[in-house]
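Okay, structure first, notes after.
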There are 2 protein chains.
Amino acid sequence: MINYTNILREHNLKATPQRLAIADELYKKGHISIESLYELMVNKFSSISLATIYKNINLMLENSFIQEIKIPYSKSVYELTQAPHSHLACEKCFAVEDITIDLNSIIDIITKESSFKITSTNLVLSGICENCQLG
Amino acid sequence: MINYTNILREHNLKATPQRLAIADELYKKGHISIESLYELMVNKFSSISLATIYKNINLMLENSFIQEIKIPYSKSVYELTQAPHSHLACEKCFAVEDITIDLNSIIDIITKESSFKITSTNLVLSGICENCQLG
DNA sequence: TTATTAAAGGATAAATATTATTTTTTATAT
DNA sequence: ATATAAAAAATAATATTTATCCTTTAATAA
Ligand SMILES: [Mn+2]
Ligand SMILES: [Mn+2]
Ligand SMILES: [Zn+2]
Ligand SMILES: [Zn+2]
């Protein structure tokens with residue numbers, strides 16, 4: 001159980017109980033959609049407003065405390081900011097897994113071939129996760 | 001000026017003037033957002049309904065006549081279905097360019113390392129396009 | 001051609017999703 | 001402890017997307 005008080009403050013975000021709970025859920029679940037996060041938060045703060053979720057998600061994004069991952073044919077999920085990495089998205093159960101892939105060779109090739117200056121990469125590989133292959 | 005009548009029919013879509021115009025704009029512009037497409041279409045069909053845009057985009061997606069591309073920190077854009085490829089997204093002018101990158105080696109590595117079955121890839125490289133580097 | 005019909009378009013309502021506003025509460029610094 | 005700027009809650013307002021209903025039309029077959 002990590003304490004996110006200082007990490008929030010380092011991102012210029014006041015460490016409110018709601019925000020600590022959001023950070024906690026993101027840490028535990030890894031990747032969460034807005035509506036899932038709201039449901040989880042209602043369990044802890046029965047009177048929490050959906051607007052509080054949205055305001056916090058947007059502020060946390062602006063201050064790079066979290067990142068948004070856009071998934072094809074699905075809702076966006078959010079995660080605590082960490083080292084750049086790619087994602088595996090299950091088309092059946094919609095689970096999202098982290099995967100570290102070295103894309104530097106690809107970036108190098110493009111940088112040589114074109115004059116586009118790449119600042120960040122976003123790779124989502126869709127398919128069927130291990131669990132869903134069994135069922 | 002390509003005639004999309006038969007291509008639409010091959011995708012089980014009636015070739016209406018509105019759909020032919022949508023196909024035409026997608027062909028000319030390459031990648032268009034919903035709202036841009038609506039603005040373009042209003043020029044050709046002054047009484048077109050926004051619902052017609054949404055219904056057609058959704059039907060065309062279901063029938064694989066077009067594809068959706070989700071762009072980080074930006075609205076989705078749509079394009080005519082073509083061979084799988086990746087995208088360069090300019091963070092300044094929001095232009096989206098096509099780029100063909102061979103991701104097979106990456107897929108192979110993941111297939112060996114994990115038991116996730118990849119069925120499609122989605123790579124968006126964000127940065128600054130050539131034009132925006134000049135200004 | 002003309003007739004038939006299922007599908008599509010237009011108008012608009014309804015449902016979702018997101019953001020803004022106002023008041024109350026609270027985290028943080030003094 | 002106090003002051004204060006920021007955050008939360010409640011709720012209104014927008015924005016986005018989908019559904020409905022009626023009219024029009026593309027596709028098909030007499
Ligand atoms: Mn991740
Ligand atoms: Mn493309
Ligand atoms: Zn799965
Ligand atoms: Zn640009």
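By order of appearance in the structure tokens: chains A, B, ..., then residues from 1 within every chain, and ligands from 1 in the order shown.
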
As a CSV table (one decimal) with N, CA, C and O atoms (P, O5', C5', C4', C3', O3' and C1' of nucleotides), in the first residue's frame, could you give me every residue of chain D near chain B (at most 9 Å apart, counting only C-alpha atoms (C1' of nucleotides))?
```csv
chain,number,residue,atom,x,y,z
D,17,DT,P,-18.7,12.0,-30.4
D,17,DT,O5',-20.1,11.1,-30.3
D,17,DT,C5',-20.3,10.4,-29.2
D,17,DT,C4',-21.7,9.7,-29.2
D,17,DT,C3',-22.0,9.0,-30.5
D,17,DT,O3',-22.2,7.6,-30.1
D,17,DT,C1',-23.8,10.3,-29.7
D,18,DT,P,-22.7,6.5,-31.1
D,18,DT,O5',-24.3,6.5,-30.8
D,18,DT,C5',-24.7,6.2,-29.5
D,18,DT,C4',-26.2,6.3,-29.4
D,18,DT,C3',-26.9,5.3,-30.4
D,18,DT,O3',-27.9,4.6,-29.7
D,18,DT,C1',-27.8,7.5,-30.5
D,25,DT,P,-36.0,12.0,-52.9
D,25,DT,O5',-35.3,10.6,-52.9
D,25,DT,C5',-34.2,10.4,-52.0
D,25,DT,C4',-33.7,9.0,-52.1
D,25,DT,C3',-33.5,8.5,-53.6
D,25,DT,O3',-32.4,7.7,-53.7
D,25,DT,C1',-34.9,7.0,-52.5
D,26,DA,P,-31.4,7.8,-54.9
D,26,DA,O5',-30.6,6.4,-54.8
D,26,DA,C5',-30.0,6.1,-53.5
D,26,DA,C4',-30.0,4.6,-53.4
D,26,DA,C3',-29.4,3.8,-54.6
D,26,DA,O3',-28.6,2.8,-54.2
D,26,DA,C1',-31.7,3.2,-54.2
D,27,DA,P,-27.9,1.8,-55.2
D,27,DA,O5',-28.9,0.5,-55.3
D,27,DA,C5',-29.1,-0.2,-54.1
D,27,DA,C4',-30.1,-1.3,-54.3
D,27,DA,C3',-29.8,-2.2,-55.5
D,27,DA,O3',-30.0,-3.6,-55.1
D,27,DA,C1',-32.0,-1.4,-55.7
```

Chain B contacts on chain C, only C-alpha atoms (C1' of nucleotides), 9 Å, as a ChimeraX atom specification: /C:7-11

What are the coordinates of chain A as a PDB file with C-alpha atoms, in the first residue's frame following a least-squares fit to chain B on all in-order C-alpha atoms?
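Dumped everything to selection_21.pdb:
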```
ATOM      1  CA  MET A   1     -12.016  11.268 -59.022  1.00  0.00           C
ATOM      2  CA  ILE A   2     -12.723   7.676 -58.070  1.00  0.00           C
ATOM      3  CA  ASN A   3     -16.244   6.295 -58.272  1.00  0.00           C
ATOM      4  CA  TYR A   4     -17.070   4.541 -55.018  1.00  0.00           C
ATOM      5  CA  THR A   5     -20.437   3.146 -56.062  1.00  0.00           C
ATOM      6  CA  ASN A   6     -19.289  -0.429 -56.450  1.00  0.00           C
ATOM      7  CA  ILE A   7     -16.887  -0.359 -53.524  1.00  0.00           C
ATOM      8  CA  LEU A   8     -19.716   0.766 -51.266  1.00  0.00           C
ATOM      9  CA  ARG A   9     -21.938  -2.026 -52.591  1.00  0.00           C
ATOM     10  CA  GLU A  10     -19.197  -4.563 -51.997  1.00  0.00           C
ATOM     11  CA  HIS A  11     -19.343  -3.489 -48.369  1.00  0.00           C
ATOM     12  CA  ASN A  12     -23.126  -3.954 -48.291  1.00  0.00           C
ATOM     13  CA  LEU A  13     -23.723  -0.232 -48.284  1.00  0.00           C
ATOM     14  CA  LYS A  14     -26.165   1.423 -50.659  1.00  0.00           C
ATOM     15  CA  ALA A  15     -24.457   3.977 -52.848  1.00  0.00           C
ATOM     16  CA  THR A  16     -26.294   7.120 -51.830  1.00  0.00           C
ATOM     17  CA  PRO A  17     -25.079  10.579 -52.873  1.00  0.00           C
ATOM     18  CA  GLN A  18     -24.248  11.346 -49.235  1.00  0.00           C
ATOM     19  CA  ARG A  19     -22.109   8.251 -48.906  1.00  0.00           C
ATOM     20  CA  LEU A  20     -20.364   8.868 -52.202  1.00  0.00           C
ATOM     21  CA  ALA A  21     -19.553  12.363 -50.982  1.00  0.00           C
ATOM     22  CA  ILE A  22     -18.209  11.026 -47.679  1.00  0.00           C
ATOM     23  CA  ALA A  23     -16.025   8.538 -49.532  1.00  0.00           C
ATOM     24  CA  ASP A  24     -14.836  11.313 -51.791  1.00  0.00           C
ATOM     25  CA  GLU A  25     -13.831  13.570 -48.925  1.00  0.00           C
ATOM     26  CA  LEU A  26     -12.070  10.728 -47.138  1.00  0.00           C
ATOM     27  CA  TYR A  27     -10.175   9.978 -50.323  1.00  0.00           C
ATOM     28  CA  LYS A  28      -9.186  13.586 -50.856  1.00  0.00           C
ATOM     29  CA  LYS A  29      -8.302  14.462 -47.264  1.00  0.00           C
ATOM     30  CA  GLY A  30      -6.987  11.095 -46.141  1.00  0.00           C
ATOM     31  CA  HIS A  31      -7.987  11.452 -42.496  1.00  0.00           C
ATOM     32  CA  ILE A  32     -10.969  13.447 -41.246  1.00  0.00           C
ATOM     33  CA  SER A  33     -12.636  13.994 -37.887  1.00  0.00           C
ATOM     34  CA  ILE A  34     -16.402  13.775 -37.462  1.00  0.00           C
ATOM     35  CA  GLU A  35     -16.877  17.525 -37.136  1.00  0.00           C
ATOM     36  CA  SER A  36     -14.658  18.346 -40.116  1.00  0.00           C
ATOM     37  CA  LEU A  37     -16.532  15.820 -42.189  1.00  0.00           C
ATOM     38  CA  TYR A  38     -19.848  17.364 -41.174  1.00  0.00           C
ATOM     39  CA  GLU A  39     -18.668  20.831 -42.177  1.00  0.00           C
ATOM     40  CA  LEU A  40     -17.470  19.543 -45.538  1.00  0.00           C
ATOM     41  CA  MET A  41     -20.733  17.713 -46.110  1.00  0.00           C
ATOM     42  CA  VAL A  42     -22.888  20.709 -45.265  1.00  0.00           C
ATOM     43  CA  ASN A  43     -21.257  22.498 -48.188  1.00  0.00           C
ATOM     44  CA  LYS A  44     -22.504  19.812 -50.533  1.00  0.00           C
ATOM     45  CA  PHE A  45     -25.830  18.946 -48.876  1.00  0.00           C
ATOM     46  CA  SER A  46     -27.055  22.025 -47.074  1.00  0.00           C
ATOM     47  CA  SER A  47     -29.808  20.123 -45.280  1.00  0.00           C
ATOM     48  CA  ILE A  48     -27.781  17.095 -44.260  1.00  0.00           C
ATOM     49  CA  SER A  49     -28.350  15.930 -40.724  1.00  0.00           C
ATOM     50  CA  LEU A  50     -25.512  15.362 -38.296  1.00  0.00           C
ATOM     51  CA  ALA A  51     -27.224  12.085 -37.463  1.00  0.00           C
ATOM     52  CA  THR A  52     -26.671  11.004 -41.048  1.00  0.00           C
ATOM     53  CA  ILE A  53     -22.962  11.534 -40.569  1.00  0.00           C
ATOM     54  CA  TYR A  54     -22.892   9.470 -37.397  1.00  0.00           C
ATOM     55  CA  LYS A  55     -25.072   6.696 -38.786  1.00  0.00           C
ATOM     56  CA  ASN A  56     -22.935   6.425 -41.893  1.00  0.00           C
ATOM     57  CA  ILE A  57     -19.654   6.522 -40.018  1.00  0.00           C
ATOM     58  CA  ASN A  58     -20.873   3.751 -37.726  1.00  0.00           C
ATOM     59  CA  LEU A  59     -22.237   1.631 -40.558  1.00  0.00           C
ATOM     60  CA  MET A  60     -19.100   2.136 -42.611  1.00  0.00           C
ATOM     61  CA  LEU A  61     -17.003   1.100 -39.628  1.00  0.00           C
ATOM     62  CA  GLU A  62     -19.108  -2.009 -39.024  1.00  0.00           C
ATOM     63  CA  ASN A  63     -18.767  -2.978 -42.669  1.00  0.00           C
ATOM     64  CA  SER A  64     -15.056  -2.177 -42.734  1.00  0.00           C
ATOM     65  CA  PHE A  65     -15.419   0.403 -45.449  1.00  0.00           C
ATOM     66  CA  ILE A  66     -13.555   2.827 -43.174  1.00  0.00           C
ATOM     67  CA  GLN A  67     -11.318   2.644 -40.115  1.00  0.00           C
ATOM     68  CA  GLU A  68     -11.112   4.751 -36.991  1.00  0.00           C
ATOM     69  CA  ILE A  69      -7.758   6.046 -35.779  1.00  0.00           C
ATOM     70  CA  LYS A  70      -7.578   7.186 -32.173  1.00  0.00           C
ATOM     71  CA  ILE A  71      -5.072   9.970 -31.690  1.00  0.00           C
ATOM     72  CA  PRO A  72      -3.568  10.832 -28.283  1.00  0.00           C
ATOM     73  CA  TYR A  73      -4.750  14.178 -26.926  1.00  0.00           C
ATOM     74  CA  SER A  74      -6.966  14.679 -29.957  1.00  0.00           C
ATOM     75  CA  LYS A  75     -10.174  13.623 -31.646  1.00  0.00           C
ATOM     76  CA  SER A  76     -10.449  10.415 -33.626  1.00  0.00           C
ATOM     77  CA  VAL A  77     -10.044  10.594 -37.366  1.00  0.00           C
ATOM     78  CA  TYR A  78     -11.424   8.261 -40.019  1.00  0.00           C
ATOM     79  CA  GLU A  79      -9.974   6.938 -43.243  1.00  0.00           C
ATOM     80  CA  LEU A  80     -10.904   4.627 -46.086  1.00  0.00           C
ATOM     81  CA  THR A  81      -9.871   1.079 -45.281  1.00  0.00           C
ATOM     82  CA  GLN A  82      -6.521   0.201 -46.767  1.00  0.00           C
ATOM     83  CA  ALA A  83      -3.551  -2.017 -46.044  1.00  0.00           C
ATOM     84  CA  PRO A  84      -2.547  -1.838 -42.360  1.00  0.00           C
ATOM     85  CA  HIS A  85      -0.235   1.050 -41.668  1.00  0.00           C
ATOM     86  CA  SER A  86       0.851   3.380 -38.894  1.00  0.00           C
ATOM     87  CA  HIS A  87       0.406   7.097 -38.351  1.00  0.00           C
ATOM     88  CA  LEU A  88       2.349  10.236 -37.609  1.00  0.00           C
ATOM     89  CA  ALA A  89       0.300  12.758 -35.659  1.00  0.00           C
ATOM     90  CA  CYS A  90       1.462  16.368 -35.447  1.00  0.00           C
ATOM     91  CA  GLU A  91       0.919  17.804 -31.981  1.00  0.00           C
ATOM     92  CA  LYS A  92       0.876  21.350 -33.345  1.00  0.00           C
ATOM     93  CA  CYS A  93      -1.358  21.339 -36.437  1.00  0.00           C
ATOM     94  CA  PHE A  94      -3.020  17.960 -35.726  1.00  0.00           C
ATOM     95  CA  ALA A  95      -2.306  16.707 -39.229  1.00  0.00           C
ATOM     96  CA  VAL A  96      -2.192  12.931 -39.549  1.00  0.00           C
ATOM     97  CA  GLU A  97       0.181  11.267 -42.025  1.00  0.00           C
ATOM     98  CA  ASP A  98       0.374   7.659 -43.141  1.00  0.00           C
ATOM     99  CA  ILE A  99       3.545   5.710 -42.658  1.00  0.00           C
ATOM    100  CA  THR A 100       4.261   2.089 -43.438  1.00  0.00           C
ATOM    101  CA  ILE A 101       6.307   0.365 -40.789  1.00  0.00           C
ATOM    102  CA  ASP A 102       7.065  -3.333 -40.614  1.00  0.00           C
ATOM    103  CA  LEU A 103       5.996  -4.496 -37.155  1.00  0.00           C
ATOM    104  CA  ASN A 104       6.312  -8.206 -37.822  1.00  0.00           C
ATOM    105  CA  SER A 105       9.524  -8.597 -35.865  1.00  0.00           C
ATOM    106  CA  ILE A 106       7.840  -6.990 -32.867  1.00  0.00           C
ATOM    107  CA  ILE A 107       4.817  -9.230 -33.213  1.00  0.00           C
ATOM    108  CA  ASP A 108       7.070 -12.270 -33.454  1.00  0.00           C
ATOM    109  CA  ILE A 109       8.929 -11.353 -30.289  1.00  0.00           C
ATOM    110  CA  ILE A 110       5.731 -10.858 -28.319  1.00  0.00           C
ATOM    111  CA  THR A 111       4.207 -14.038 -29.664  1.00  0.00           C
ATOM    112  CA  LYS A 112       7.228 -15.949 -28.414  1.00  0.00           C
ATOM    113  CA  GLU A 113       7.475 -14.179 -25.065  1.00  0.00           C
ATOM    114  CA  SER A 114       3.820 -14.151 -24.107  1.00  0.00           C
ATOM    115  CA  SER A 115       0.712 -16.149 -24.915  1.00  0.00           C
ATOM    116  CA  PHE A 116      -1.236 -13.143 -26.145  1.00  0.00           C
ATOM    117  CA  LYS A 117      -2.564 -13.674 -29.683  1.00  0.00           C
ATOM    118  CA  ILE A 118      -2.136 -10.449 -31.633  1.00  0.00           C
ATOM    119  CA  THR A 119      -4.692  -9.816 -34.367  1.00  0.00           C
ATOM    120  CA  SER A 120      -4.026  -6.171 -35.174  1.00  0.00           C
ATOM    121  CA  THR A 121      -1.599  -3.386 -34.405  1.00  0.00           C
ATOM    122  CA  ASN A 122      -2.167   0.270 -33.800  1.00  0.00           C
ATOM    123  CA  LEU A 123       0.834   2.570 -33.766  1.00  0.00           C
ATOM    124  CA  VAL A 124       0.621   6.349 -33.573  1.00  0.00           C
ATOM    125  CA  LEU A 125       3.813   8.345 -33.389  1.00  0.00           C
ATOM    126  CA  SER A 126       3.292  11.866 -32.074  1.00  0.00           C
ATOM    127  CA  GLY A 127       5.567  14.794 -32.725  1.00  0.00           C
ATOM    128  CA  ILE A 128       6.051  17.777 -35.004  1.00  0.00           C
ATOM    129  CA  CYS A 129       5.504  17.577 -38.741  1.00  0.00           C
ATOM    130  CA  GLU A 130       7.821  19.071 -41.322  1.00  0.00           C
ATOM    131  CA  ASN A 131       5.665  22.142 -41.934  1.00  0.00           C
ATOM    132  CA  CYS A 132       5.352  22.987 -38.253  1.00  0.00           C
ATOM    133  CA  GLN A 133       9.104  22.759 -37.743  1.00  0.00           C
ATOM    134  CA  LEU A 134       9.592  25.669 -40.132  1.00  0.00           C
ATOM    135  CA  GLY A 135       7.114  28.162 -38.676  1.00  0.00           C
TER     136      GLY A 135
END
```

What are the DSSP alpha helix (DSSP H) residues of chain B, as an mmCIF file with N, CA and C atoms, in the first residue's frame?
```
data_model
loop_
_atom_site.group_PDB
_atom_site.id
_atom_site.type_symbol
_atom_site.label_atom_id
_atom_site.label_comp_id
_atom_site.auth_asym_id
_atom_site.auth_seq_id
_atom_site.Cartn_x
_atom_site.Cartn_y
_atom_site.Cartn_z
ATOM 1 N N THR B 5 -19.143 3.895 -56.042
ATOM 2 C CA THR B 5 -20.418 3.188 -56.065
ATOM 3 C C THR B 5 -20.261 1.689 -55.812
ATOM 4 N N ASN B 6 -19.412 1.059 -56.600
ATOM 5 C CA ASN B 6 -19.285 -0.395 -56.467
ATOM 6 C C ASN B 6 -18.577 -0.800 -55.183
ATOM 7 N N ILE B 7 -17.609 -0.005 -54.772
ATOM 8 C CA ILE B 7 -16.886 -0.333 -53.540
ATOM 9 C C ILE B 7 -17.835 -0.271 -52.347
ATOM 10 N N LEU B 8 -18.714 0.720 -52.351
ATOM 11 C CA LEU B 8 -19.716 0.796 -51.292
ATOM 12 C C LEU B 8 -20.595 -0.445 -51.317
ATOM 13 N N ARG B 9 -21.043 -0.820 -52.512
ATOM 14 C CA ARG B 9 -21.930 -1.982 -52.618
ATOM 15 C C ARG B 9 -21.230 -3.258 -52.177
ATOM 16 N N GLU B 10 -19.959 -3.344 -52.474
ATOM 17 C CA GLU B 10 -19.202 -4.531 -52.027
ATOM 18 C C GLU B 10 -19.162 -4.620 -50.493
ATOM 19 N N PRO B 17 -25.914 9.448 -52.628
ATOM 20 C CA PRO B 17 -25.069 10.619 -52.907
ATOM 21 C C PRO B 17 -24.291 11.055 -51.664
ATOM 22 N N GLN B 18 -24.939 10.983 -50.499
ATOM 23 C CA GLN B 18 -24.252 11.378 -49.271
ATOM 24 C C GLN B 18 -23.039 10.489 -49.006
ATOM 25 N N ARG B 19 -23.217 9.199 -49.190
ATOM 26 C CA ARG B 19 -22.108 8.283 -48.940
ATOM 27 C C ARG B 19 -20.998 8.441 -49.961
ATOM 28 N N LEU B 20 -21.384 8.690 -51.204
ATOM 29 C CA LEU B 20 -20.359 8.907 -52.222
ATOM 30 C C LEU B 20 -19.549 10.159 -51.890
ATOM 31 N N ALA B 21 -20.236 11.152 -51.358
ATOM 32 C CA ALA B 21 -19.530 12.387 -50.990
ATOM 33 C C ALA B 21 -18.611 12.162 -49.796
ATOM 34 N N ILE B 22 -19.071 11.364 -48.834
ATOM 35 C CA ILE B 22 -18.213 11.044 -47.685
ATOM 36 C C ILE B 22 -16.962 10.311 -48.166
ATOM 37 N N ALA B 23 -17.163 9.317 -49.012
ATOM 38 C CA ALA B 23 -16.022 8.560 -49.540
ATOM 39 C C ALA B 23 -15.061 9.489 -50.270
ATOM 40 N N ASP B 24 -15.641 10.405 -51.025
ATOM 41 C CA ASP B 24 -14.829 11.341 -51.791
ATOM 42 C C ASP B 24 -13.973 12.231 -50.884
ATOM 43 N N GLU B 25 -14.571 12.718 -49.829
ATOM 44 C CA GLU B 25 -13.819 13.575 -48.908
ATOM 45 C C GLU B 25 -12.733 12.779 -48.193
ATOM 46 N N LEU B 26 -13.074 11.561 -47.795
ATOM 47 C CA LEU B 26 -12.072 10.729 -47.125
ATOM 48 C C LEU B 26 -10.905 10.450 -48.066
ATOM 49 N N TYR B 27 -11.233 10.232 -49.341
ATOM 50 C CA TYR B 27 -10.173 9.973 -50.303
ATOM 51 C C TYR B 27 -9.286 11.213 -50.481
ATOM 52 N N LYS B 28 -9.928 12.369 -50.580
ATOM 53 C CA LYS B 28 -9.159 13.593 -50.835
ATOM 54 C C LYS B 28 -8.343 14.015 -49.624
ATOM 55 N N LYS B 29 -8.961 13.955 -48.433
ATOM 56 C CA LYS B 29 -8.295 14.463 -47.230
ATOM 57 C C LYS B 29 -7.457 13.392 -46.510
ATOM 58 N N ILE B 34 -14.967 13.697 -37.270
ATOM 59 C CA ILE B 34 -16.420 13.781 -37.457
ATOM 60 C C ILE B 34 -16.853 15.212 -37.762
ATOM 61 N N GLU B 35 -16.397 16.147 -36.946
ATOM 62 C CA GLU B 35 -16.881 17.519 -37.122
ATOM 63 C C GLU B 35 -16.378 18.150 -38.417
ATOM 64 N N SER B 36 -15.144 17.838 -38.804
ATOM 65 C CA SER B 36 -14.659 18.339 -40.094
ATOM 66 C C SER B 36 -15.480 17.760 -41.234
ATOM 67 N N LEU B 37 -15.765 16.477 -41.122
ATOM 68 C CA LEU B 37 -16.542 15.828 -42.171
ATOM 69 C C LEU B 37 -17.928 16.460 -42.278
ATOM 70 N N TYR B 38 -18.524 16.736 -41.142
ATOM 71 C CA TYR B 38 -19.848 17.358 -41.159
ATOM 72 C C TYR B 38 -19.798 18.715 -41.842
ATOM 73 N N GLU B 39 -18.789 19.512 -41.510
ATOM 74 C CA GLU B 39 -18.655 20.826 -42.146
ATOM 75 C C GLU B 39 -18.492 20.697 -43.657
ATOM 76 N N LEU B 40 -17.671 19.761 -44.078
ATOM 77 C CA LEU B 40 -17.468 19.545 -45.508
ATOM 78 C C LEU B 40 -18.757 19.111 -46.187
ATOM 79 N N MET B 41 -19.510 18.267 -45.514
ATOM 80 C CA MET B 41 -20.727 17.736 -46.112
ATOM 81 C C MET B 41 -21.831 18.789 -46.191
ATOM 82 N N VAL B 42 -21.880 19.674 -45.208
ATOM 83 C CA VAL B 42 -22.897 20.731 -45.241
ATOM 84 C C VAL B 42 -22.718 21.604 -46.490
ATOM 85 N N ASN B 43 -21.487 21.739 -46.933
ATOM 86 C CA ASN B 43 -21.249 22.510 -48.158
ATOM 87 C C ASN B 43 -21.909 21.867 -49.375
ATOM 88 N N LYS B 44 -21.939 20.553 -49.385
ATOM 89 C CA LYS B 44 -22.497 19.841 -50.538
ATOM 90 C C LYS B 44 -23.982 19.561 -50.384
ATOM 91 N N LEU B 50 -26.741 15.903 -38.970
ATOM 92 C CA LEU B 50 -25.555 15.374 -38.296
ATOM 93 C C LEU B 50 -25.747 13.895 -37.996
ATOM 94 N N ALA B 51 -27.001 13.500 -37.759
ATOM 95 C CA ALA B 51 -27.286 12.089 -37.494
ATOM 96 C C ALA B 51 -26.919 11.230 -38.694
ATOM 97 N N THR B 52 -27.063 11.775 -39.887
ATOM 98 C CA THR B 52 -26.686 11.027 -41.090
ATOM 99 C C THR B 52 -25.187 10.763 -41.099
ATOM 100 N N ILE B 53 -24.418 11.743 -40.666
ATOM 101 C CA ILE B 53 -22.967 11.549 -40.577
ATOM 102 C C ILE B 53 -22.661 10.417 -39.592
ATOM 103 N N TYR B 54 -23.221 10.510 -38.406
ATOM 104 C CA TYR B 54 -22.929 9.490 -37.393
ATOM 105 C C TYR B 54 -23.399 8.107 -37.838
ATOM 106 N N LYS B 55 -24.617 8.039 -38.387
ATOM 107 C CA LYS B 55 -25.120 6.734 -38.804
ATOM 108 C C LYS B 55 -24.229 6.129 -39.886
ATOM 109 N N ASN B 56 -23.795 6.966 -40.814
ATOM 110 C CA ASN B 56 -22.957 6.447 -41.887
ATOM 111 C C ASN B 56 -21.569 6.067 -41.396
ATOM 112 N N ILE B 57 -20.994 6.892 -40.551
ATOM 113 C CA ILE B 57 -19.671 6.545 -40.013
ATOM 114 C C ILE B 57 -19.758 5.203 -39.292
ATOM 115 N N ASN B 58 -20.781 5.016 -38.486
ATOM 116 C CA ASN B 58 -20.897 3.761 -37.740
ATOM 117 C C ASN B 58 -21.143 2.562 -38.657
ATOM 118 N N LEU B 59 -22.018 2.745 -39.647
ATOM 119 C CA LEU B 59 -22.266 1.649 -40.590
ATOM 120 C C LEU B 59 -21.020 1.325 -41.394
ATOM 121 N N MET B 60 -20.324 2.366 -41.835
ATOM 122 C CA MET B 60 -19.110 2.158 -42.634
ATOM 123 C C MET B 60 -18.025 1.476 -41.803
ATOM 124 N N LEU B 61 -17.987 1.790 -40.521
ATOM 125 C CA LEU B 61 -17.035 1.109 -39.641
ATOM 126 C C LEU B 61 -17.409 -0.357 -39.493
ATOM 127 N N GLU B 62 -18.696 -0.618 -39.228
ATOM 128 C CA GLU B 62 -19.152 -2.004 -39.060
ATOM 129 C C GLU B 62 -18.867 -2.840 -40.293
ATOM 130 N N ASN B 104 6.370 -6.756 -37.943
ATOM 131 C CA ASN B 104 6.354 -8.219 -37.801
ATOM 132 C C ASN B 104 7.379 -8.724 -36.797
ATOM 133 N N SER B 105 8.550 -8.108 -36.794
ATOM 134 C CA SER B 105 9.565 -8.592 -35.848
ATOM 135 C C SER B 105 9.086 -8.383 -34.416
ATOM 136 N N ILE B 106 8.430 -7.251 -34.179
ATOM 137 C CA ILE B 106 7.879 -6.981 -32.847
ATOM 138 C C ILE B 106 6.812 -8.006 -32.489
ATOM 139 N N ILE B 107 5.932 -8.272 -33.435
ATOM 140 C CA ILE B 107 4.868 -9.246 -33.183
ATOM 141 C C ILE B 107 5.461 -10.617 -32.884
ATOM 142 N N ASP B 108 6.479 -10.975 -33.646
ATOM 143 C CA ASP B 108 7.126 -12.273 -33.421
ATOM 144 C C ASP B 108 7.690 -12.371 -32.011
ATOM 145 N N ILE B 109 8.380 -11.332 -31.598
ATOM 146 C CA ILE B 109 8.988 -11.349 -30.268
ATOM 147 C C ILE B 109 7.929 -11.535 -29.190
ATOM 148 N N ILE B 110 6.851 -10.773 -29.299
ATOM 149 C CA ILE B 110 5.804 -10.860 -28.282
ATOM 150 C C ILE B 110 5.144 -12.233 -28.305
ATOM 151 N N THR B 111 4.913 -12.746 -29.500
ATOM 152 C CA THR B 111 4.286 -14.056 -29.615
ATOM 153 C C THR B 111 5.134 -15.131 -28.939
ATOM 154 N N LYS B 112 6.447 -14.970 -29.019
ATOM 155 C CA LYS B 112 7.326 -15.944 -28.369
ATOM 156 C C LYS B 112 7.358 -15.741 -26.862
ATOM 157 N N GLU B 113 7.390 -14.477 -26.448
ATOM 158 C CA GLU B 113 7.568 -14.176 -25.028
ATOM 159 C C GLU B 113 6.286 -14.359 -24.206
ATOM 160 N N GLU B 130 6.808 18.231 -40.650
ATOM 161 C CA GLU B 130 7.790 19.045 -41.360
ATOM 162 C C GLU B 130 7.358 20.512 -41.423
ATOM 163 N N ASN B 131 6.128 20.736 -41.845
ATOM 164 C CA ASN B 131 5.624 22.115 -41.962
ATOM 165 C C ASN B 131 5.744 22.887 -40.662
ATOM 166 N N CYS B 132 5.330 22.262 -39.577
ATOM 167 C CA CYS B 132 5.302 22.968 -38.291
ATOM 168 C C CYS B 132 6.709 23.211 -37.731
ATOM 169 N N GLN B 133 7.682 22.503 -38.239
ATOM 170 C CA GLN B 133 9.056 22.755 -37.794
ATOM 171 C C GLN B 133 9.605 24.035 -38.404
ATOM 172 N N LEU B 134 9.077 24.422 -39.538
ATOM 173 C CA LEU B 134 9.541 25.640 -40.208
ATOM 174 C C LEU B 134 9.025 26.869 -39.495
#
```

For C1' of DT25 (chain C) and C1' of DA12 (chain D), the interatomic separation in Å (one decimal):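 Between these atoms lies a distance of 20.5 Å.
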
Atomic separation - C1' of DT23 (chain D) relative to C1' of DT1 (chain C), Å: 23.4 Å

Which of chain A fall in strand (DSSP E), as a list in words: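 Reading the DSSP output for chain A, strand (DSSP E) covers Ile66, Gln67, Glu68, Ile69, Val77, Tyr78, Glu79, Leu80, Ser86, His87, Leu88, Ala89, Cys90, Val96, Glu97, Asp98, Ile99, Lys117, Ile118, Thr119, Ser120, Thr121, Asn122, Leu123, Val124, Leu125, Ser126, Gly127 and Ile128 of chain A.
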
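What separates C1' of DA10 (chain D) from C1' of DA13 (chain C) is a distance of 26.6 Å.
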